[in-house]
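Next up, input-v3.cif (mmCIF, C-alpha atoms and all ligand atoms):
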```cif
data_target
loop_
_atom_site.label_atom_id
_atom_site.label_comp_id
_atom_site.auth_asym_id
_atom_site.auth_seq_id
_atom_site.Cartn_x
_atom_site.Cartn_y
_atom_site.Cartn_z
CA MET L 1 -9.40 -1.60 -19.77
CA LYS L 2 -7.05 -2.67 -17.01
CA ILE L 3 -6.79 -2.41 -13.26
CA GLY L 4 -3.85 -0.22 -12.23
CA ILE L 5 -1.87 -0.72 -9.04
CA PHE L 6 0.38 2.15 -8.00
CA ASP L 7 3.07 2.47 -5.35
CA SER L 8 6.04 4.76 -4.75
CA GLY L 9 8.29 1.73 -5.24
CA TYR L 10 8.17 -2.01 -4.73
CA GLY L 11 5.81 -2.11 -1.72
CA GLY L 12 2.63 -2.24 -3.79
CA LEU L 13 3.78 -5.58 -5.17
CA THR L 14 2.70 -7.09 -1.82
CA ILE L 15 -0.81 -5.83 -2.62
CA LEU L 16 -0.72 -6.78 -6.31
CA GLU L 17 0.22 -10.33 -5.37
CA LYS L 18 -2.86 -10.80 -3.19
CA ILE L 19 -5.18 -9.06 -5.64
CA VAL L 20 -4.03 -11.31 -8.50
CA GLU L 21 -4.39 -14.39 -6.26
CA LYS L 22 -7.99 -13.43 -5.51
CA LEU L 23 -8.94 -12.03 -8.94
CA PRO L 24 -6.64 -13.75 -11.47
CA GLN L 25 -8.91 -13.18 -14.46
CA TYR L 26 -8.31 -9.43 -14.91
CA ASP L 27 -5.55 -7.52 -16.71
CA TYR L 28 -3.28 -5.49 -14.44
CA ILE L 29 -0.71 -2.75 -14.78
CA TYR L 30 1.71 -2.12 -11.91
CA LEU L 31 3.48 1.23 -11.76
CA GLY L 32 6.30 1.86 -9.29
CA ASP L 33 7.66 5.39 -9.00
CA ASN L 34 11.05 3.95 -8.07
CA ALA L 35 12.93 6.99 -9.34
CA ARG L 36 11.36 9.16 -6.62
CA THR L 37 10.82 6.70 -3.79
CA PRO L 38 10.54 7.04 -0.81
CA TYR L 39 7.45 9.21 -0.51
CA GLY L 40 7.22 8.71 3.26
CA SER L 41 9.32 11.72 4.23
CA ARG L 42 7.92 14.11 1.60
CA SER L 43 5.43 16.97 2.04
CA PHE L 44 1.73 16.81 1.18
CA GLU L 45 2.27 18.98 -1.92
CA VAL L 46 5.03 16.79 -3.30
CA VAL L 47 3.29 13.44 -2.60
CA TYR L 48 0.12 14.82 -4.18
CA ALA L 49 1.94 16.08 -7.30
CA TYR L 50 3.87 12.82 -7.77
CA THR L 51 0.81 10.64 -7.17
CA LEU L 52 -1.33 12.66 -9.60
CA GLN L 53 1.30 12.27 -12.32
CA CYS L 54 1.32 8.51 -11.79
CA VAL L 55 -2.48 8.31 -11.78
CA LYS L 56 -2.58 10.22 -15.09
CA LYS L 57 0.00 7.86 -16.55
CA LEU L 58 -2.07 4.83 -15.53
CA PHE L 59 -5.13 6.40 -17.16
CA GLU L 60 -3.08 6.94 -20.32
CA LEU L 61 -2.20 3.25 -20.16
CA ASP L 62 -5.93 2.41 -20.18
CA CYS L 63 -6.71 1.70 -16.56
CA GLN L 64 -10.37 1.85 -15.59
CA ILE L 65 -9.75 1.49 -11.87
CA ILE L 66 -6.57 2.46 -10.02
CA ILE L 67 -5.64 1.22 -6.57
CA ILE L 68 -3.24 3.51 -4.76
CA ALA L 69 -1.34 0.66 -3.07
CA CYS L 70 0.71 3.06 -0.98
CA ASN L 71 -0.43 4.24 2.43
CA THR L 72 1.54 7.47 2.21
CA ALA L 73 -0.06 8.42 -1.11
CA SER L 74 -3.49 7.23 0.08
CA ALA L 75 -3.08 9.42 3.18
CA LYS L 76 -1.77 12.51 1.47
CA ALA L 77 -3.14 12.56 -2.07
CA LEU L 78 -6.14 10.28 -2.54
CA ARG L 79 -8.90 12.54 -1.31
CA THR L 80 -7.80 15.54 -3.39
CA ILE L 81 -7.41 13.38 -6.48
CA GLN L 82 -10.87 11.84 -5.99
CA GLN L 83 -12.61 15.12 -5.27
CA ALA L 84 -10.72 17.75 -7.26
CA ASP L 85 -8.96 16.01 -10.15
CA LEU L 86 -10.96 12.96 -11.15
CA PRO L 87 -14.09 14.91 -12.20
CA ASN L 88 -11.93 16.81 -14.70
CA ILE L 89 -9.46 14.21 -15.94
CA ALA L 90 -11.48 10.97 -15.95
CA PRO L 91 -15.00 11.30 -14.51
CA ASN L 92 -15.97 7.76 -15.54
CA ARG L 93 -13.00 6.02 -13.96
CA ARG L 94 -12.14 5.35 -10.34
CA VAL L 95 -9.17 5.79 -7.98
CA LEU L 96 -9.32 3.81 -4.71
CA GLY L 97 -7.02 3.76 -1.69
CA ILE L 98 -5.95 1.21 0.89
CA ILE L 99 -6.49 2.91 4.25
CA ARG L 100 -10.28 2.69 4.26
CA PRO L 101 -10.41 -1.05 3.40
CA THR L 102 -7.96 -1.70 6.24
CA ALA L 103 -9.87 0.45 8.74
CA GLU L 104 -13.16 -1.24 7.84
CA LYS L 105 -11.88 -4.64 9.00
CA ILE L 106 -9.91 -3.61 12.08
CA ASP L 107 -12.57 -4.38 14.67
CA TYR L 108 -12.40 -8.05 13.77
CA PHE L 109 -8.75 -8.31 14.88
CA THR L 110 -8.84 -6.68 18.32
CA LYS L 111 -10.37 -7.83 21.60
CA THR L 112 -8.78 -5.13 23.77
CA LYS L 113 -9.98 -2.47 21.27
CA THR L 114 -6.44 -1.11 21.16
CA VAL L 115 -4.55 -1.37 17.89
CA GLY L 116 -1.09 -0.30 16.88
CA ILE L 117 -0.10 1.08 13.51
CA PHE L 118 3.37 1.13 12.01
CA GLY L 119 3.76 3.47 9.04
CA THR L 120 5.95 6.00 7.29
CA SER L 121 6.34 9.47 8.82
CA GLY L 122 3.91 10.79 6.21
CA THR L 123 1.19 8.27 7.01
CA ILE L 124 1.57 8.63 10.77
CA GLN L 125 1.68 12.45 10.75
CA SER L 126 -1.43 12.59 8.55
CA LYS L 127 -3.41 10.76 11.28
CA SER L 128 -5.44 9.13 8.49
CA TYR L 129 -5.75 5.81 10.31
CA GLU L 130 -6.92 7.48 13.53
CA MET L 131 -9.54 9.43 11.57
CA GLU L 132 -10.81 6.53 9.45
CA ILE L 133 -10.98 4.14 12.42
CA ALA L 134 -12.71 6.74 14.63
CA LYS L 135 -15.41 7.22 11.98
CA LEU L 136 -16.15 3.49 11.96
CA PHE L 137 -15.33 2.29 15.50
CA GLU L 138 -15.17 5.09 18.01
CA GLN L 139 -14.36 2.69 20.87
CA ILE L 140 -11.01 1.68 19.31
CA THR L 141 -7.81 3.35 20.51
CA VAL L 142 -5.11 3.72 17.86
CA VAL L 143 -1.45 3.89 18.91
CA SER L 144 0.91 4.92 16.12
CA GLU L 145 4.63 4.66 15.51
CA ASP L 146 6.55 5.90 12.51
CA CYS L 147 9.39 3.77 11.26
CA PRO L 148 11.45 5.93 8.89
CA MET L 149 14.18 3.36 8.30
CA TRP L 150 12.00 0.42 7.33
CA VAL L 151 11.27 1.46 3.73
CA PRO L 152 14.94 2.20 2.90
CA ILE L 153 15.90 -1.17 4.42
CA VAL L 154 13.42 -2.94 2.14
CA GLU L 155 14.16 -0.83 -0.97
CA ASN L 156 17.84 -1.67 -0.52
CA ASN L 157 17.10 -5.35 -0.12
CA GLU L 158 18.51 -5.46 3.43
CA HIS L 159 15.33 -6.77 5.06
CA LEU L 160 16.59 -10.29 5.69
CA LYS L 161 20.01 -9.19 6.98
CA ASN L 162 21.04 -8.97 10.64
CA GLY L 163 21.33 -5.17 10.56
CA ALA L 164 17.56 -4.87 10.06
CA ASP L 165 16.90 -6.43 13.48
CA TYR L 166 18.02 -3.32 15.36
CA PHE L 167 15.52 -1.04 13.59
CA VAL L 168 12.68 -3.54 13.81
CA LYS L 169 13.12 -4.13 17.54
CA GLN L 170 13.51 -0.40 18.24
CA HIS L 171 10.05 0.46 16.88
CA ILE L 172 8.38 -2.56 18.45
CA ASP L 173 9.79 -1.53 21.84
CA ASN L 174 8.65 2.06 21.27
CA ILE L 175 5.05 1.20 20.39
CA LEU L 176 4.66 -1.28 23.25
CA ALA L 177 6.00 1.32 25.68
CA LYS L 178 3.24 3.69 24.53
CA ASN L 179 0.40 1.29 25.37
CA LYS L 180 0.40 -2.16 26.97
CA ASN L 181 -3.08 -3.11 25.75
CA ILE L 182 -2.28 -3.39 22.05
CA ASP L 183 -3.37 -6.79 20.76
CA ALA L 184 -3.16 -6.17 17.00
CA ILE L 185 -0.77 -4.13 14.86
CA ILE L 186 -1.40 -2.92 11.31
CA LEU L 187 1.58 -2.91 8.99
CA GLY L 188 0.42 0.39 7.51
CA CYS L 189 3.00 0.56 4.76
CA THR L 190 3.02 -1.81 1.84
CA HIS L 191 6.76 -2.34 2.14
CA TYR L 192 6.55 -3.77 5.65
CA PRO L 193 5.30 -7.30 4.88
CA LEU L 194 8.84 -7.95 3.65
CA LEU L 195 9.97 -7.47 7.27
CA LEU L 196 7.30 -9.82 8.60
CA GLU L 197 9.71 -12.51 9.77
CA LYS L 198 11.69 -10.06 11.87
CA ILE L 199 8.61 -8.25 13.17
CA ARG L 200 7.16 -11.59 14.31
CA LYS L 201 10.45 -12.43 16.01
CA TYR L 202 10.34 -9.37 18.31
CA LEU L 203 6.61 -8.93 18.78
CA PRO L 204 4.95 -10.79 21.70
CA GLU L 205 3.06 -13.82 20.37
CA ASN L 206 -0.34 -12.64 21.55
CA ILE L 207 -0.21 -9.58 19.28
CA LYS L 208 -1.69 -10.13 15.82
CA ILE L 209 0.02 -8.67 12.77
CA ILE L 210 -2.33 -7.27 10.14
CA THR L 211 -1.04 -7.05 6.59
CA GLN L 212 -3.13 -5.30 3.97
CA GLY L 213 -2.89 -7.48 0.85
CA ASN L 214 -5.87 -9.73 1.53
CA LEU L 215 -7.97 -6.92 2.98
CA VAL L 216 -7.46 -4.79 -0.13
CA ALA L 217 -8.05 -7.77 -2.46
CA ASP L 218 -11.35 -8.60 -0.68
CA SER L 219 -12.41 -4.99 -0.80
CA LEU L 220 -11.67 -4.73 -4.55
CA ALA L 221 -13.59 -7.96 -5.22
CA ASP L 222 -16.54 -6.51 -3.34
CA TYR L 223 -16.25 -3.20 -5.18
CA LEU L 224 -16.30 -4.93 -8.57
CA LEU L 225 -19.39 -6.91 -7.55
CA ARG L 226 -21.19 -3.76 -6.50
CA HIS L 227 -20.09 -1.70 -9.52
CA SER L 228 -20.82 -3.68 -12.67
CA GLU L 229 -20.53 -0.47 -14.73
CA HIS L 230 -16.76 -0.55 -14.03
CA GLU L 231 -16.35 -4.31 -13.84
CA LYS L 232 -17.77 -4.92 -17.29
CA LEU L 233 -15.16 -2.60 -18.81
CA CYS L 234 -12.25 -4.56 -17.30
CA THR L 235 -10.75 -7.06 -19.75
CA LYS L 236 -10.05 -10.59 -18.60
CA ASN L 237 -6.92 -12.07 -20.18
CA SER L 238 -4.96 -12.64 -16.91
CA THR L 239 -2.03 -10.39 -17.88
CA ILE L 240 0.22 -8.25 -15.69
CA GLN L 241 2.42 -5.49 -17.09
CA PHE L 242 5.05 -3.79 -14.95
CA TYR L 243 6.18 -0.20 -15.36
CA THR L 244 8.81 1.72 -13.44
CA THR L 245 10.10 5.28 -13.50
CA GLU L 246 13.65 3.98 -12.75
CA SER L 247 15.89 1.67 -14.72
CA VAL L 248 14.24 -1.48 -15.97
CA GLU L 249 17.11 -3.76 -14.90
CA LYS L 250 17.01 -2.51 -11.32
CA PHE L 251 13.23 -2.92 -11.14
CA GLU L 252 13.25 -6.38 -12.66
CA SER L 253 15.86 -7.75 -10.27
CA SER L 254 14.26 -6.29 -7.11
CA ALA L 255 10.66 -6.97 -8.12
CA SER L 256 11.58 -10.55 -8.90
CA ILE L 257 12.76 -10.94 -5.29
CA PHE L 258 9.50 -9.44 -4.00
CA LEU L 259 7.32 -11.70 -6.13
CA ASN L 260 9.61 -14.70 -6.13
CA LYS L 261 9.42 -15.06 -9.91
CA ASN L 262 11.01 -13.47 -12.96
CA ILE L 263 9.25 -10.44 -14.36
CA GLU L 264 9.80 -8.07 -17.27
CA ALA L 265 9.27 -4.35 -16.89
CA LYS L 266 9.08 -1.24 -19.08
CA ARG L 267 10.26 2.23 -18.27
CA VAL L 268 7.85 5.19 -18.25
CA MET L 269 8.69 8.86 -18.25
CA LEU L 270 6.28 11.06 -16.36
CA ASN L 271 5.21 14.47 -17.61
N1 LIG L 301 4.86 1.77 0.40
C1 LIG L 301 4.52 3.09 0.84
C2 LIG L 301 3.42 3.06 1.89
O1 LIG L 301 2.64 2.14 1.91
C3 LIG L 301 5.61 3.94 1.39
C4 LIG L 301 6.93 3.90 0.80
C5 LIG L 301 7.56 5.24 0.70
O2 LIG L 301 7.90 5.86 1.72
O3 LIG L 301 7.71 5.65 -0.42
O4 LIG L 301 3.29 3.92 2.70
#
```
Before we go any further, please render this structure as structure tokens.
Ligand code: DGL
Amino acid sequence: MKIGIFDSGYGGLTILEKIVEKLPQYDYIYLGDNARTPYGSRSFEVVYAYTLQCVKKLFELDCQIIIIACNTASAKALRTIQQADLPNIAPNRRVLGIIRPTAEKIDYFTKTKTVGIFGTSGTIQSKSYEMEIAKLFEQITVVSEDCPMWVPIVENNEHLKNGADYFVKQHIDNILAKNKNIDAIILGCTHYPLLLEKIRKYLPENIKIITQGNLVADSLADYLLRHSEHEKLCTKNSTIQFYTTESVEKFESSASIFLNKNIEAKRVMLN
């Protein structure tokens, strides 16, 4: 059995990379729903339906544990899948998200107890970060900003170009105008680490940038330690297979830029 990593597109590769660095022994399957990305602007119903199809596909491909490495899908679909679907389709397997592992660590990064969150419209409107953080650390104020252009910039491989600066600076200015006490900002979309260089350029130095890859990798490592019934079913041949719902050529060339190495992908059709 493998560990599945799912994202609407390429963003989850930033999570996969850190998971494989931390836990290189396991076998992984990455699935990007590139044909239907972005999810960020879509309704709850649509994100749920798309995510469920991808989860079922990863189960068909023999995944024991699936990480929804997409904040939008974690915000809009995870809970329903865990509570309503999993007991029927795969009661002995697990689907985990990435918002909770991020929220659990947030207190460590902030002295002013005021954190910012950049995310897609879907993630921000769902208020999932506010809710998760409030459950764990009620003294922390969360200031959110949705950045609808950032995913398209990354998906179109424009993130290192000059044109991206305008959109990066615009949202940094917006969030800082909302609250002057922010001392840490979560990049609450798995595509955003690709914009890290530009975000750092416009963000005051004293504000920490929190990316999710290492947090999710640590949380998965901990989960596997605590759940030997799942861990023992995961094979350990250090393989990674890539699947996309779009054309293989397109995925291979963009994913190779994300991961900085050549990869081979296969196409899947969803039903
Ligand atoms: N990477 C996804 C996330 O973390 C969003 C990309 C999209 O809008 O599809 O939220």
Worksheet, complete the sentence: Using all atoms listed in the file, the best pick from L:Phe118, L:Tyr28, L:Phe251, L:Phe167 as closest to Gly9 of chain L would be L:Phe251
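Once segment 184-200 of chain L and its same-chain neighbours fewer than 4 positions away are set aside, Gly11, Gly12, Asn71, Thr110, Val115, Gly116, Ile117, Phe118, Gly119, His159, Ile207, Lys208, Ile209, Ile210 and Thr211 of chain L remain within 6 Å of it when counting all atoms listed in the file.
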Taking (5.8, 14.0, 1.2) as a centre in this file's frame and 10 Å as the limit, can you find every polymer residue with an atom that close, using all atoms listed in the file, and give them as an mmCIF file with C-alpha atoms, keeping the file's coordinate frame?
```cif
data_model
loop_
_atom_site.group_PDB
_atom_site.id
_atom_site.type_symbol
_atom_site.label_atom_id
_atom_site.label_comp_id
_atom_site.auth_asym_id
_atom_site.auth_seq_id
_atom_site.Cartn_x
_atom_site.Cartn_y
_atom_site.Cartn_z
ATOM 1 C CA PRO L 38 10.540 7.040 -0.810
ATOM 2 C CA TYR L 39 7.450 9.210 -0.510
ATOM 3 C CA GLY L 40 7.220 8.710 3.260
ATOM 4 C CA SER L 41 9.320 11.720 4.230
ATOM 5 C CA ARG L 42 7.920 14.110 1.600
ATOM 6 C CA SER L 43 5.430 16.970 2.040
ATOM 7 C CA PHE L 44 1.730 16.810 1.180
ATOM 8 C CA GLU L 45 2.270 18.980 -1.920
ATOM 9 C CA VAL L 46 5.030 16.790 -3.300
ATOM 10 C CA VAL L 47 3.290 13.440 -2.600
ATOM 11 C CA TYR L 48 0.120 14.820 -4.180
ATOM 12 C CA ALA L 49 1.940 16.080 -7.300
ATOM 13 C CA TYR L 50 3.870 12.820 -7.770
ATOM 14 C CA THR L 72 1.540 7.470 2.210
ATOM 15 C CA ALA L 73 -0.060 8.420 -1.110
ATOM 16 C CA LYS L 76 -1.770 12.510 1.470
ATOM 17 C CA ALA L 77 -3.140 12.560 -2.070
ATOM 18 C CA SER L 121 6.340 9.470 8.820
ATOM 19 C CA GLY L 122 3.910 10.790 6.210
ATOM 20 C CA THR L 123 1.190 8.270 7.010
#
```
Fill in: Selection: 9 Å around Tyr202 of chain L, all atoms listed in the file, excl. self and same-chain fewer than 2 positions, as JSON, numbers by chain
{"L": [165, 168, 169, 172, 173, 198, 199, 200, 204, 205]}
Fill in: Test item: residues at most 7 Å from Ile67 of chain L, all atoms listed in the file, excluding those fewer than 2 positions along its chain, as a list in words
Gly4, Ile5, Phe6, Ile65, Ala69, Val95, Leu96 and Gly97 of chain L
Mind dumping the selected residues with C-alpha atoms as a compact mmCIF listing (two decimals), in the frame of the given file?
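Writing the result to selection-v9.txt gives the following:
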```
# COMPACT_ATOMS: atom_id res chain seq x y z
CA GLY L 4 -3.85 -0.22 -12.23
CA ILE L 5 -1.87 -0.72 -9.04
CA PHE L 6 0.38 2.15 -8.00
CA ILE L 65 -9.75 1.49 -11.87
CA ALA L 69 -1.34 0.66 -3.07
CA VAL L 95 -9.17 5.79 -7.98
CA LEU L 96 -9.32 3.81 -4.71
CA GLY L 97 -7.02 3.76 -1.69
```
Discussion item. I'd like the interatomic distance between atom CA of Asp146 of chain L and atom CA of Thr120 of chain L, to a tenth of an Å.
Written reply: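 Result for atom CA of Asp146 of chain L versus atom CA of Thr120 of chain L: 5.3 Å, one decimal.
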Worksheet item: Given the choices L:Ile133, L:Ile240, L:Ala217, L:Ile68, which gets closest to ligand LIG 301 (chain L) if the distance is worked out from all atoms listed in the file?
Response: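 Closest to ligand LIG 301 (chain L), using all atoms listed in the file: L:Ile68.
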Discussion item. List as a list in words the protein and nucleic acid residues near Arg94 of chain L, meaning an atom at most 10 Å away when only C-alpha atoms are counted, but skip any in the same chain fewer than 4 places from it.
Written reply: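 In the requested form, the answer reads Ile3, Phe59, Cys63, Gln64, Ile65, Ile66, Ile67, Gln82, Leu86, Pro87, Ala90 and His230 of chain L.
Between ligand LIG 301 (chain L) and the candidates L:Gln25, L:Asn92, L:Thr114, L:Ser126, the tightest atom-to-atom separation, counting only C-alpha atoms and all ligand atoms, involves L:Ser126.
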